[in-house]
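Have a look at protein.cif; it's mmCIF, C-alpha atoms and all ligand atoms:
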data_query
loop_
_atom_site.label_atom_id
_atom_site.label_comp_id
_atom_site.auth_asym_id
_atom_site.auth_seq_id
_atom_site.Cartn_x
_atom_site.Cartn_y
_atom_site.Cartn_z
CA MET A 7 134.04 120.22 96.73
CA ASN A 8 135.22 123.57 95.57
CA GLY A 9 132.39 125.85 96.50
CA ASN A 10 133.88 129.05 95.10
CA ARG A 11 132.54 129.34 91.55
CA ASP A 12 134.78 132.36 90.86
CA HIS A 13 137.68 129.97 90.85
CA VAL A 14 136.23 127.58 88.29
CA SER A 15 138.16 127.80 85.06
CA GLU A 16 139.25 125.72 82.11
CA GLY A 17 140.03 122.21 83.31
CA GLU A 18 137.75 122.48 86.34
CA PRO A 19 135.04 119.81 86.21
CA ASP A 20 131.56 121.12 86.86
CA ASP A 21 130.08 120.82 90.27
CA HIS A 22 126.71 119.19 89.79
CA GLY A 23 125.75 120.31 93.19
CA ALA A 24 125.52 117.17 95.30
CA GLY A 25 127.14 119.07 98.14
CA HIS A 26 130.34 117.27 99.07
CA PRO A 27 132.65 118.45 101.85
CA ALA A 28 134.83 121.43 101.04
CA ALA A 29 138.24 120.88 99.50
CA PRO A 30 141.14 122.08 101.64
CA TRP A 31 141.46 125.22 99.59
CA ASP A 32 139.62 126.95 96.81
CA ALA A 33 142.11 126.78 93.96
CA THR A 34 140.92 125.51 90.59
CA PHE A 35 141.16 121.84 89.82
CA ARG A 36 144.13 122.35 87.52
CA THR A 37 146.10 124.22 90.17
CA ARG A 38 145.22 121.63 92.76
CA THR A 39 146.63 118.79 90.64
CA VAL A 40 149.98 120.57 90.90
CA HIS A 41 149.89 120.93 94.69
CA ALA A 42 147.53 118.28 96.08
CA GLY A 43 149.04 116.01 98.73
CA GLN A 44 151.98 118.30 99.51
CA SER A 45 153.00 118.37 103.13
CA ASP A 46 152.38 121.46 105.25
CA GLY A 47 155.05 123.28 107.17
CA PRO A 48 157.59 126.03 106.67
CA VAL A 49 160.05 123.86 104.76
CA ARG A 50 159.25 121.14 102.26
CA PRO A 51 161.19 119.61 99.41
CA VAL A 52 159.66 120.68 96.10
CA SER A 53 159.96 117.09 94.95
CA ALA A 54 159.16 114.82 97.89
CA PRO A 55 161.79 112.20 98.73
CA ILE A 56 160.84 108.55 98.29
CA GLU A 57 160.86 107.13 101.79
CA PHE A 58 161.49 103.40 101.72
CA GLY A 59 161.75 102.90 105.48
CA THR A 60 159.09 100.51 106.78
CA SER A 61 159.68 100.93 110.52
CA TYR A 62 160.28 103.85 112.88
CA ALA A 63 162.66 103.87 115.84
CA PHE A 64 161.70 105.37 119.23
CA ALA A 65 163.52 105.83 122.51
CA ASP A 66 161.09 103.53 124.28
CA ALA A 67 157.64 101.93 124.08
CA ALA A 68 155.93 104.86 125.80
CA THR A 69 157.22 107.25 123.15
CA ALA A 70 156.08 104.88 120.40
CA ASP A 71 152.64 104.68 122.00
CA SER A 72 152.27 108.43 122.27
CA VAL A 73 153.36 108.88 118.63
CA ALA A 74 150.87 106.20 117.55
CA GLN A 75 148.10 108.17 119.33
CA THR A 76 148.71 111.05 116.89
CA GLY A 77 148.07 108.74 113.92
CA ALA A 78 151.72 108.85 112.79
CA PRO A 79 153.01 105.55 111.39
CA LEU A 80 155.08 103.06 113.37
CA TYR A 81 155.20 100.51 110.59
CA ALA A 82 154.50 100.25 106.83
CA ARG A 83 150.90 99.06 107.13
CA ASP A 84 150.06 102.16 109.17
CA GLY A 85 150.60 104.25 106.02
CA MET A 86 153.93 105.27 104.54
CA PRO A 87 154.57 108.99 103.80
CA ASN A 88 154.50 108.77 99.99
CA VAL A 89 151.34 106.68 100.13
CA ARG A 90 149.64 109.15 102.48
CA ALA A 91 150.60 112.00 100.13
CA LEU A 92 148.98 110.19 97.21
CA GLU A 93 145.88 109.46 99.31
CA ARG A 94 145.55 113.10 100.33
CA ALA A 95 145.98 114.22 96.73
CA VAL A 96 143.34 111.90 95.27
CA ALA A 97 140.92 112.71 98.10
CA ASP A 98 141.36 116.40 97.34
CA LEU A 99 140.92 116.01 93.58
CA GLU A 100 137.89 113.73 93.90
CA GLY A 101 136.28 116.00 96.52
CA ALA A 102 136.46 113.23 99.14
CA ASP A 103 137.23 113.34 102.86
CA ASP A 104 139.99 110.77 102.55
CA ALA A 105 141.30 107.91 100.44
CA VAL A 106 143.05 104.56 100.86
CA ALA A 107 145.69 103.52 98.31
CA THR A 108 146.39 99.88 97.49
CA ALA A 109 148.75 97.78 95.42
CA SER A 110 146.45 97.68 92.38
CA GLY A 111 143.00 98.66 91.20
CA MET A 112 141.78 95.13 91.89
CA ALA A 113 143.15 95.40 95.43
CA ALA A 114 141.16 98.63 95.96
CA LEU A 115 138.02 96.89 94.72
CA SER A 116 138.65 93.77 96.84
CA LEU A 117 139.37 95.78 99.97
CA THR A 118 136.29 97.95 99.52
CA MET A 119 134.02 94.95 99.04
CA LEU A 120 135.62 92.91 101.84
CA THR A 121 135.15 95.82 104.22
CA LEU A 122 131.60 96.82 103.36
CA LEU A 123 129.93 93.50 102.52
CA SER A 124 128.80 90.65 104.75
CA ALA A 125 127.24 87.28 103.96
CA GLY A 126 123.68 87.83 102.83
CA ASP A 127 124.41 91.20 101.20
CA HIS A 128 123.84 91.74 97.50
CA VAL A 129 125.80 93.75 94.90
CA VAL A 130 124.56 95.10 91.59
CA LEU A 131 127.17 95.54 88.89
CA ASN A 132 126.11 97.93 86.20
CA ALA A 133 126.17 96.56 82.65
CA GLY A 134 129.51 96.65 80.89
CA CYS A 135 131.89 96.72 83.88
CA TYR A 136 135.50 95.60 83.47
CA GLN A 137 135.65 91.83 83.09
CA ASP A 138 137.91 91.19 86.08
CA THR A 139 135.56 93.19 88.32
CA VAL A 140 132.70 90.92 87.27
CA SER A 141 134.86 87.79 87.66
CA LEU A 142 135.99 88.82 91.15
CA LEU A 143 132.47 89.46 92.36
CA GLU A 144 130.76 86.54 90.62
CA GLY A 145 133.58 84.06 91.07
CA HIS A 146 134.74 84.81 94.59
CA PHE A 147 132.39 86.97 96.64
CA THR A 148 129.52 84.58 95.90
CA ARG A 149 131.59 81.89 97.72
CA PHE A 150 131.16 83.93 100.89
CA GLY A 151 127.41 84.33 100.60
CA VAL A 152 127.29 87.64 98.73
CA GLY A 153 124.70 87.81 95.95
CA VAL A 154 125.78 89.42 92.66
CA THR A 155 123.58 90.58 89.78
CA VAL A 156 124.75 92.25 86.59
CA ALA A 157 122.24 94.84 85.35
CA GLU A 158 120.87 94.16 81.89
CA ARG A 159 121.51 97.64 80.57
CA ASN A 160 123.51 100.65 81.66
CA ASP A 161 120.58 102.76 82.85
CA PRO A 162 118.88 103.57 86.15
CA ASP A 163 115.79 101.42 85.46
CA ALA A 164 117.90 98.34 84.73
CA VAL A 165 119.98 98.96 87.86
CA LEU A 166 116.83 99.31 89.96
CA ALA A 167 115.42 96.13 88.42
CA ALA A 168 118.56 94.23 89.41
CA MET A 169 118.40 95.38 93.03
CA THR A 170 117.00 93.29 95.87
CA PRO A 171 116.05 94.29 99.43
CA THR A 172 119.56 93.27 100.52
CA THR A 173 121.48 95.27 97.91
CA ARG A 174 124.26 97.05 99.77
CA ILE A 175 126.42 98.32 96.89
CA VAL A 176 125.76 99.33 93.29
CA PHE A 177 128.98 99.41 91.31
CA SER A 178 129.54 101.10 87.97
CA GLU A 179 132.21 102.71 85.82
CA THR A 180 132.05 106.34 84.70
CA ILE A 181 133.10 105.20 81.21
CA THR A 182 132.81 101.45 80.84
CA ASN A 183 135.77 99.27 79.90
CA PRO A 184 135.71 98.15 77.15
CA GLY A 185 132.30 99.29 75.86
CA ILE A 186 133.09 103.05 76.23
CA VAL A 187 129.56 103.70 77.47
CA VAL A 188 129.10 106.76 79.72
CA THR A 189 127.10 106.06 82.87
CA ASP A 190 124.48 108.53 84.05
CA ILE A 191 125.90 108.57 87.58
CA ALA A 192 123.58 111.31 88.84
CA ALA A 193 120.45 109.50 87.62
CA ILE A 194 121.54 106.19 89.15
CA ALA A 195 122.44 107.93 92.43
CA ARG A 196 118.98 109.54 92.53
CA ALA A 197 117.25 106.28 91.67
CA LEU A 198 118.88 104.20 94.39
CA ARG A 199 118.85 106.84 97.15
CA PRO A 200 115.61 105.62 98.80
CA SER A 201 117.08 102.11 99.12
CA GLY A 202 120.06 103.27 101.17
CA ALA A 203 122.44 101.26 98.96
CA LEU A 204 125.89 102.74 98.35
CA LEU A 205 126.97 103.81 94.88
CA ALA A 206 130.62 103.03 94.08
CA ILE A 207 132.09 104.30 90.82
CA ASP A 208 135.24 103.17 89.07
CA ASN A 209 136.52 106.45 87.63
CA THR A 210 139.64 105.02 85.97
CA PHE A 211 138.84 106.07 82.39
CA ALA A 212 137.49 109.54 83.22
CA THR A 213 139.68 110.62 86.17
CA PRO A 214 138.67 113.61 88.31
CA ALA A 215 139.93 115.88 85.53
CA LEU A 216 136.79 114.98 83.57
CA CYS A 217 134.31 113.72 86.16
CA ARG A 218 134.08 113.68 89.92
CA PRO A 219 131.51 110.99 90.71
CA LEU A 220 131.07 112.12 94.33
CA THR A 221 129.66 115.42 93.08
CA HIS A 222 127.10 113.42 91.08
CA GLY A 223 125.90 111.63 94.22
CA ALA A 224 128.21 108.60 94.37
CA ASP A 225 129.45 107.46 97.79
CA LEU A 226 132.80 105.99 96.78
CA VAL A 227 135.15 106.45 93.85
CA LEU A 228 137.83 103.95 92.82
CA HIS A 229 140.75 103.94 90.40
CA SER A 230 143.20 101.65 88.77
CA ALA A 231 145.72 104.36 89.60
CA GLY A 232 148.52 103.24 87.33
CA LYS A 233 146.45 104.13 84.28
CA PHE A 234 145.45 107.76 83.69
CA LEU A 235 146.30 109.04 87.19
CA GLY A 236 149.88 107.75 86.96
CA GLY A 237 149.78 108.13 83.22
CA HIS A 238 153.13 106.67 82.14
CA HIS A 239 152.81 102.85 82.20
CA ASP A 240 155.39 102.64 84.95
CA ALA A 241 153.43 102.15 88.19
CA THR A 242 150.74 99.86 89.53
CA GLY A 243 148.31 101.01 92.17
CA GLY A 244 144.71 101.44 93.20
CA ILE A 245 142.78 103.86 95.35
CA VAL A 246 139.35 104.27 96.88
CA ALA A 247 138.09 107.67 98.08
CA GLY A 248 134.97 108.83 99.89
CA ARG A 249 133.49 110.03 103.17
CA HIS A 250 135.16 109.36 106.52
CA ASP A 251 132.40 106.98 107.61
CA LEU A 252 133.28 104.70 104.66
CA ILE A 253 137.01 105.28 104.28
CA ASP A 254 137.92 104.92 107.98
CA PRO A 255 136.69 101.30 108.18
CA ILE A 256 138.28 100.55 104.81
CA ARG A 257 141.60 101.86 106.17
CA ARG A 258 141.28 99.76 109.34
CA ALA A 259 140.45 96.65 107.30
CA GLY A 260 143.33 97.46 104.94
CA TYR A 261 145.71 97.42 107.88
CA LEU A 262 144.64 93.81 108.50
CA PHE A 263 144.16 92.56 104.92
CA GLY A 264 147.42 94.25 103.93
CA PRO A 265 147.15 95.13 100.19
CA LEU A 266 149.94 97.71 100.56
CA LEU A 267 151.03 100.15 97.90
CA GLY A 268 154.79 100.66 97.87
CA PRO A 269 156.38 104.13 98.17
CA LEU A 270 157.95 104.14 94.70
CA ASP A 271 154.64 103.42 92.96
CA ALA A 272 152.91 106.01 95.15
CA TRP A 273 155.53 108.60 94.23
CA LEU A 274 155.29 107.80 90.51
CA ILE A 275 151.49 108.01 90.52
CA LEU A 276 151.54 111.33 92.38
CA ARG A 277 154.13 112.64 89.92
CA GLY A 278 151.74 111.63 87.13
CA ILE A 279 148.88 113.47 88.81
CA ARG A 280 150.85 116.72 88.58
CA THR A 281 150.15 116.72 84.81
CA LEU A 282 146.69 115.12 84.94
CA ALA A 283 144.69 118.18 83.87
CA PRO A 284 146.67 119.09 80.73
CA ARG A 285 147.09 115.43 79.78
CA LEU A 286 143.38 114.65 79.91
CA SER A 287 142.47 117.89 78.20
CA TRP A 288 144.93 117.26 75.36
CA MET A 289 144.06 113.57 75.08
CA SER A 290 140.33 114.32 74.94
CA ALA A 291 140.84 116.80 72.10
CA SER A 292 143.06 114.35 70.20
CA ALA A 293 140.72 111.39 70.77
CA LEU A 294 137.84 113.40 69.33
CA ARG A 295 139.84 114.15 66.19
CA VAL A 296 140.92 110.50 65.84
CA ALA A 297 137.34 109.30 66.39
CA ALA A 298 136.03 111.70 63.74
CA ALA A 299 138.67 110.53 61.26
CA LEU A 300 137.80 106.88 61.92
CA THR A 301 134.10 107.58 61.44
CA ALA A 302 134.81 108.94 57.98
CA HIS A 303 136.77 105.88 56.79
CA PRO A 304 134.90 103.23 54.77
CA ALA A 305 136.76 100.34 56.46
CA ILE A 306 135.14 101.21 59.78
CA CYS A 307 131.71 99.85 60.74
CA ALA A 308 131.24 101.83 63.93
CA VAL A 309 133.11 104.14 66.29
CA ARG A 310 132.32 104.49 69.97
CA TYR A 311 133.54 107.76 71.39
CA PRO A 312 131.25 109.72 73.73
CA GLY A 313 132.42 113.10 72.41
CA LEU A 314 131.28 112.57 68.81
CA PRO A 315 128.38 114.90 68.06
CA ASP A 316 126.09 112.03 67.04
CA ALA A 317 127.29 109.59 69.72
CA ASP A 318 124.75 107.43 71.44
CA ARG A 319 123.92 108.89 74.89
CA ARG A 320 125.54 112.19 73.92
CA ASP A 321 123.31 114.00 76.39
CA ILE A 322 124.55 111.82 79.26
CA ALA A 323 128.17 112.34 78.20
CA GLY A 324 127.58 116.09 78.03
CA ARG A 325 126.29 116.16 81.60
CA THR A 326 128.74 113.63 83.03
CA LEU A 327 131.91 114.62 81.17
CA PRO A 328 131.51 118.34 80.49
CA ARG A 329 135.27 118.98 80.22
CA GLY A 330 136.08 116.35 77.60
CA SER A 331 135.25 112.77 76.79
CA GLY A 332 138.58 111.20 77.61
CA ALA A 333 141.23 109.24 75.78
CA MET A 334 139.44 105.92 75.27
CA LEU A 335 137.64 104.96 72.09
CA ALA A 336 136.59 101.74 70.42
CA PHE A 337 135.85 100.97 66.80
CA ASP A 338 134.69 98.09 64.68
CA LEU A 339 136.57 97.12 61.56
CA ALA A 340 134.82 95.66 58.55
CA GLY A 341 136.35 92.32 57.69
CA GLY A 342 136.38 90.79 61.15
CA THR A 343 139.35 89.43 63.03
CA ASP A 344 141.62 89.03 60.01
CA ALA A 345 141.22 92.69 59.13
CA ALA A 346 141.76 93.76 62.73
CA VAL A 347 144.97 91.75 62.99
CA ALA A 348 146.20 93.05 59.62
CA PHE A 349 145.36 96.60 60.68
CA THR A 350 147.34 96.39 63.94
CA GLN A 351 150.28 94.91 62.04
CA SER A 352 150.24 97.76 59.51
CA LEU A 353 150.36 100.50 62.12
CA ARG A 354 153.81 102.11 62.16
CA THR A 355 153.80 104.09 65.38
CA ILE A 356 150.91 102.70 67.46
CA PRO A 357 151.86 99.50 69.31
CA TYR A 358 149.62 96.71 70.54
CA VAL A 359 149.56 97.12 74.35
CA ALA A 360 147.12 95.48 76.75
CA SER A 361 146.86 98.30 79.28
CA VAL A 362 145.80 101.90 78.77
CA GLY A 363 146.16 105.44 80.05
CA GLY A 364 149.75 106.41 79.22
CA THR A 365 151.39 109.15 77.19
CA GLU A 366 151.75 106.80 74.23
CA THR A 367 148.81 105.93 72.00
CA ILE A 368 148.18 102.18 72.06
CA ILE A 369 145.75 99.76 70.50
CA SER A 370 144.43 96.41 71.69
CA PHE A 371 141.57 94.00 71.44
CA PRO A 372 139.20 94.73 74.31
CA PRO A 373 138.95 92.19 77.10
CA LEU A 374 136.31 89.52 76.55
CA PRO A 375 133.22 89.63 78.71
CA PRO A 376 133.41 86.99 81.45
CA SER A 377 129.83 85.87 81.04
CA GLN A 378 126.54 86.71 79.49
CA GLY A 379 124.68 89.63 80.97
CA THR A 380 127.05 92.48 80.18
CA GLY A 381 124.03 94.24 78.79
CA GLU A 382 125.59 95.39 75.58
CA PRO A 383 123.78 94.68 72.33
CA ALA A 384 124.89 91.83 70.10
CA ARG A 385 126.68 93.04 67.02
CA ASP A 386 127.64 92.12 63.51
CA HIS A 387 130.11 89.23 63.84
CA ARG A 388 131.85 90.29 60.64
CA CYS A 389 133.23 93.33 62.44
CA ALA A 390 136.06 93.07 64.96
CA THR A 391 136.39 95.59 67.73
CA LEU A 392 139.61 97.36 68.62
CA ARG A 393 140.16 99.62 71.60
CA MET A 394 142.46 102.63 71.53
CA SER A 395 143.94 104.72 74.32
CA VAL A 396 144.95 108.03 72.74
CA GLY A 397 148.15 109.57 74.08
CA LEU A 398 149.96 112.85 73.71
CA GLU A 399 151.26 112.57 70.15
CA ASP A 400 150.15 115.10 67.54
CA PRO A 401 146.73 113.79 66.43
CA ALA A 402 147.65 114.55 62.80
CA ASP A 403 150.43 111.95 63.06
CA LEU A 404 148.08 109.43 64.66
CA ILE A 405 145.45 109.95 61.97
CA ALA A 406 148.07 109.61 59.22
CA ASP A 407 149.27 106.30 60.67
CA ILE A 408 145.75 104.95 61.20
CA THR A 409 144.65 106.03 57.73
CA GLN A 410 147.58 104.38 55.94
CA ALA A 411 146.90 101.14 57.83
CA LEU A 412 143.16 101.27 57.07
CA ASP A 413 143.80 102.07 53.42
CA ARG A 414 145.64 98.77 53.03
CA LEU A 415 142.58 96.77 54.06
CA PRO A 416 140.22 95.33 51.45
CA ILE A 417 136.88 97.06 51.98
CA SER A 418 133.70 95.05 51.79
CA PRO A 419 130.91 97.13 50.22
CA THR A 420 128.41 95.20 52.34
CA LEU A 421 130.04 96.43 55.51
CA SER A 422 130.22 100.16 55.01
CA PRO A 423 128.88 102.11 57.99
CA ALA A 424 125.59 102.62 56.20
CA THR A 425 124.96 98.96 55.48
CA ALA A 426 126.48 97.32 58.57
CA GLY A 427 124.11 99.12 60.87
CA GLY A 428 127.08 100.91 62.38
CA THR A 429 126.96 104.55 63.28
CA ALA A 430 129.36 106.70 65.15
CA ALA A 431 127.36 105.75 68.18
CA ALA A 432 126.92 102.01 67.82
CA ASN A 433 127.27 100.15 71.06
CA GLY A 434 128.28 96.69 69.94
CA ARG A 435 131.32 94.64 70.77
CA SER A 436 133.09 91.75 69.13
CA HIS A 437 132.97 88.47 71.01
CA GLU A 438 134.96 86.55 68.48
CA THR A 439 138.58 87.32 68.94
CA SER A 440 140.01 88.99 71.94
CA PRO A 441 142.59 87.53 74.23
CA ASP A 442 141.16 87.68 77.72
CA HIS A 443 144.12 89.23 79.52
CA ASP A 444 143.77 92.85 78.44
CA THR A 445 143.17 95.41 81.14
C1 LIG A 501 138.31 100.17 84.54
C2 LIG A 501 139.28 99.32 85.31
N1 LIG A 501 139.09 99.15 86.62
C3 LIG A 501 139.94 98.39 87.35
C4 LIG A 501 141.02 97.76 86.78
C5 LIG A 501 141.93 96.92 87.61
O1 LIG A 501 143.08 97.66 87.89
P1 LIG A 501 144.52 97.00 88.15
O2 LIG A 501 144.98 96.38 86.88
O3 LIG A 501 145.35 98.18 88.59
O4 LIG A 501 144.35 96.01 89.24
C6 LIG A 501 141.25 97.92 85.41
C7 LIG A 501 142.40 97.27 84.78
O5 LIG A 501 142.55 97.33 83.60
C8 LIG A 501 140.35 98.72 84.66
O6 LIG A 501 140.52 98.90 83.34
#
Translate this structure into structure tokens?
Ligand SMILES: Cc1ncc(COP(=O)(O)O)c(C=O)c1O
Amino acid sequence: MNGNRDHVSEGEPDDHGAGHPAAPWDATFRTRTVHAGQSDGPVRPVSAPIEFGTSYAFADAATADSVAQTGAPLYARDGMPNVRALERAVADLEGADDAVATASGMAALSLTMLTLLSAGDHVVLNAGCYQDTVSLLEGHFTRFGVGVTVAERNDPDAVLAAMTPTTRIVFSETITNPGIVVTDIAAIARALRPSGALLAIDNTFATPALCRPLTHGADLVLHSAGKFLGGHHDATGGIVAGRHDLIDPIRRAGYLFGPLLGPLDAWLILRGIRTLAPRLSWMSASALRVAAALTAHPAICAVRYPGLPDADRRDIAGRTLPRGSGAMLAFDLAGGTDAAVAFTQSLRTIPYVASVGGTETIISFPPLPPSQGTGEPARDHRCATLRMSVGLEDPADLIADITQALDRLPISPTLSPATAGGTAAANGRSHETSPDHDT
């Protein structure tokens, strides 16, 4: 972690002091996004070439062996150059020793769990985690003798209550998908420390521009890297970062399990990272303005955006996301599913897109929870939830589009924010409508 406080400036997430290994150099976070992962040496291309070669040629076996001793790749699964550059970059930005990139976020999660868990171990999933994460753990890891419990609420007491003597990993998201609930990572890390369990955090929605979970006491940080890291809806990838004692075995297991990221996707994601700091800063500011405008509209029952002044858990968001609350927000429309569908159809510039994190603002129904036990409160079934990923457009244009679409909806006086129990901070979620394939 950057130990030189003189270098901390706008865009630099706070160091909450958990003492992580030093970053390679002391530049600010924003500067490091521009340079992280670059190769050393007297000559380097400013834009790295995409190296598609999967195999290296040597004069003889002895030469190949001696090259392999240095850690250089002989073959694709050893680590291709563009993939290693991405891994170095994310490790630097997350304040980790190293990272392993994979073909998708789910591959990073699978590889991490396959490496660190054995039959008889137990995993706690914090309340509100991404539905496919829950499905993977509950539906597949249990087949191999791993116990899985979903915490009843997103708080340290509920996580502790879900733990057993064999709990090896506690898994959470910095900002939950789709509930948009900010996790108190530092409090959970403190609470589980005596148990020796590892804390793994999916940082997809926050990114290291807004939160670095390792500095809050987490042991591992994961990403669906094609979302905000890549940032342009044109690459798929995943990554897990942490200390050497965790990442080295994950890398060795990855060599055998083989969930490889390709060089083109690695290059695209690293290109996206070059603009991570300004993108997340701009998106956070725009999302706050959009959330405030939604809150003021009578067709809206509730808005969930951690940056709103009266948001639920505002104190946790302030500590965990001091540089901005991110691009993701959710809101409940009065009038239920019909109103939600009519609203999305009336939008002129904001398309319905299942995945999030790009330059373009998109809207979707959030993914359905896979089972009971997501820990989020039941909510008024007459409201339908929509999820928005705010992009880089002028927020005034977004608000104008959203407002014209909301103004077309019939407004039920019984479902105004005051009467529907909705506040800017409500934590509910619709269970009545969503397709289950959104990401
Ligand atoms: C928070 C979160 N984590 C993990 C994933 C899985 O990532 P991927 O789709 O890259 O496998 C997603 C996908 O939407 C996600 O939203």
Exercise for the section: Grab me every residue within 6 Å of ligand LIG 501 (chain A), counting only C-alpha atoms and all ligand atoms, and send it over as a PyMOL selection string. Expected result: chain A and resi 110-112+136+183+210+230+242-244+445
Practice task
Would you kindly return, as a PyMOL selection string, each protein, DNA or RNA residue with an atom no farther than 12 Å from any atom of Pro200 of chain A, considering all atoms listed in the file and excluding same-chain residues fewer than 4 positions away?
Solution key: chain A and resi 166+171+173+194-196+204
Practice task
Extract, using only C-alpha atoms, all DNA, RNA and protein residues at most 8 Å from segment 146-157 of chain A, discarding same-chain residues fewer than 6 positions from it, and format them as a ChimeraX atom specification.
Solution key: /A:123-133,164-165,167-169,379-381
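The two atoms in question, atom CA of Gly268 of chain A and atom CA of Ala212 of chain A, are spaced 24.3 Å apart.
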Handout entry: Length of the atom CA of Tyr358 of chain A to atom CA of Thr301 of chain A vector [Å]
Key = 21.0 Å
Problem - Radius query 7 Å about (136.3, 111.9, 101.6), atoms used: only C-alpha atoms, as a ChimeraX atom specification - result: /A:97,101-105,247-250
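Coordinates place atom CA of Ser395 of chain A at a distance of 4.8 Å from atom CA of Met334 of chain A.
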Problem - Counting all atoms listed in the file, the option among A:Ile405, A:Ile322, A:Ala42, A:Ala54 closest to Leu353 of chain A - result: A:Ile405
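Nearest residue to Ala231 of chain A among A:Val96, A:Ile306, A:Ser331, A:Ala259 is A:Val96, counting only C-alpha atoms.
The nearest approach to Leu404 of chain A among the residues A:Arg258, A:His238, A:Arg295, A:Arg310, with all atoms listed in the file taken into account, belongs to A:Arg295.
Residue nearest Leu228 of chain A, chosen from A:Ser290, A:Gln351, A:Ser141, A:Ser178 and counting all atoms listed in the file: A:Ser178.
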Using only C-alpha atoms, find each residue in segment 260-356 of chain A having at least one atom no more than 12 Å away from segment 360-367 of chain A; report its shortest atom-to-atom pair and that distance in Å (one decimal), rows by chain then rising number, as a Markdown table.
| residue | atom | partner | partner_atom | distance |
| --- | --- | --- | --- | --- |
| A:Ile275 | CA | A:Gly364 | CA | 11.5 |
| A:Gly278 | CA | A:Gly364 | CA | 9.7 |
| A:Ile279 | CA | A:Gly364 | CA | 11.9 |
| A:Thr281 | CA | A:Thr365 | CA | 10.8 |
| A:Leu282 | CA | A:Thr365 | CA | 10.9 |
| A:Pro284 | CA | A:Thr365 | CA | 11.6 |
| A:Arg285 | CA | A:Thr365 | CA | 8.0 |
| A:Leu286 | CA | A:Gly363 | CA | 9.6 |
| A:Trp288 | CA | A:Thr365 | CA | 10.5 |
| A:Met289 | CA | A:Thr365 | CA | 8.8 |
| A:Ser290 | CA | A:Gly363 | CA | 11.8 |
| A:Ser292 | CA | A:Thr367 | CA | 10.4 |
| A:Ala293 | CA | A:Thr367 | CA | 9.8 |
| A:Val296 | CA | A:Thr367 | CA | 11.0 |
| A:Gly332 | CA | A:Gly363 | CA | 9.8 |
| A:Ala333 | CA | A:Gly363 | CA | 7.5 |
| A:Met334 | CA | A:Gly363 | CA | 8.3 |
| A:Leu335 | CA | A:Val362 | CA | 11.0 |
| A:Leu353 | CA | A:Thr367 | CA | 11.4 |
| A:Arg354 | CA | A:Thr367 | CA | 11.7 |
| A:Thr355 | CA | A:Thr367 | CA | 8.5 |
| A:Ile356 | CA | A:Thr367 | CA | 6.0 |
Problem - Closest of A:Phe35, A:Leu294, A:Ala206, A:Thr69 to Leu252 of chain A - atom-to-atom distances counting only C-alpha atoms - result: A:Ala206
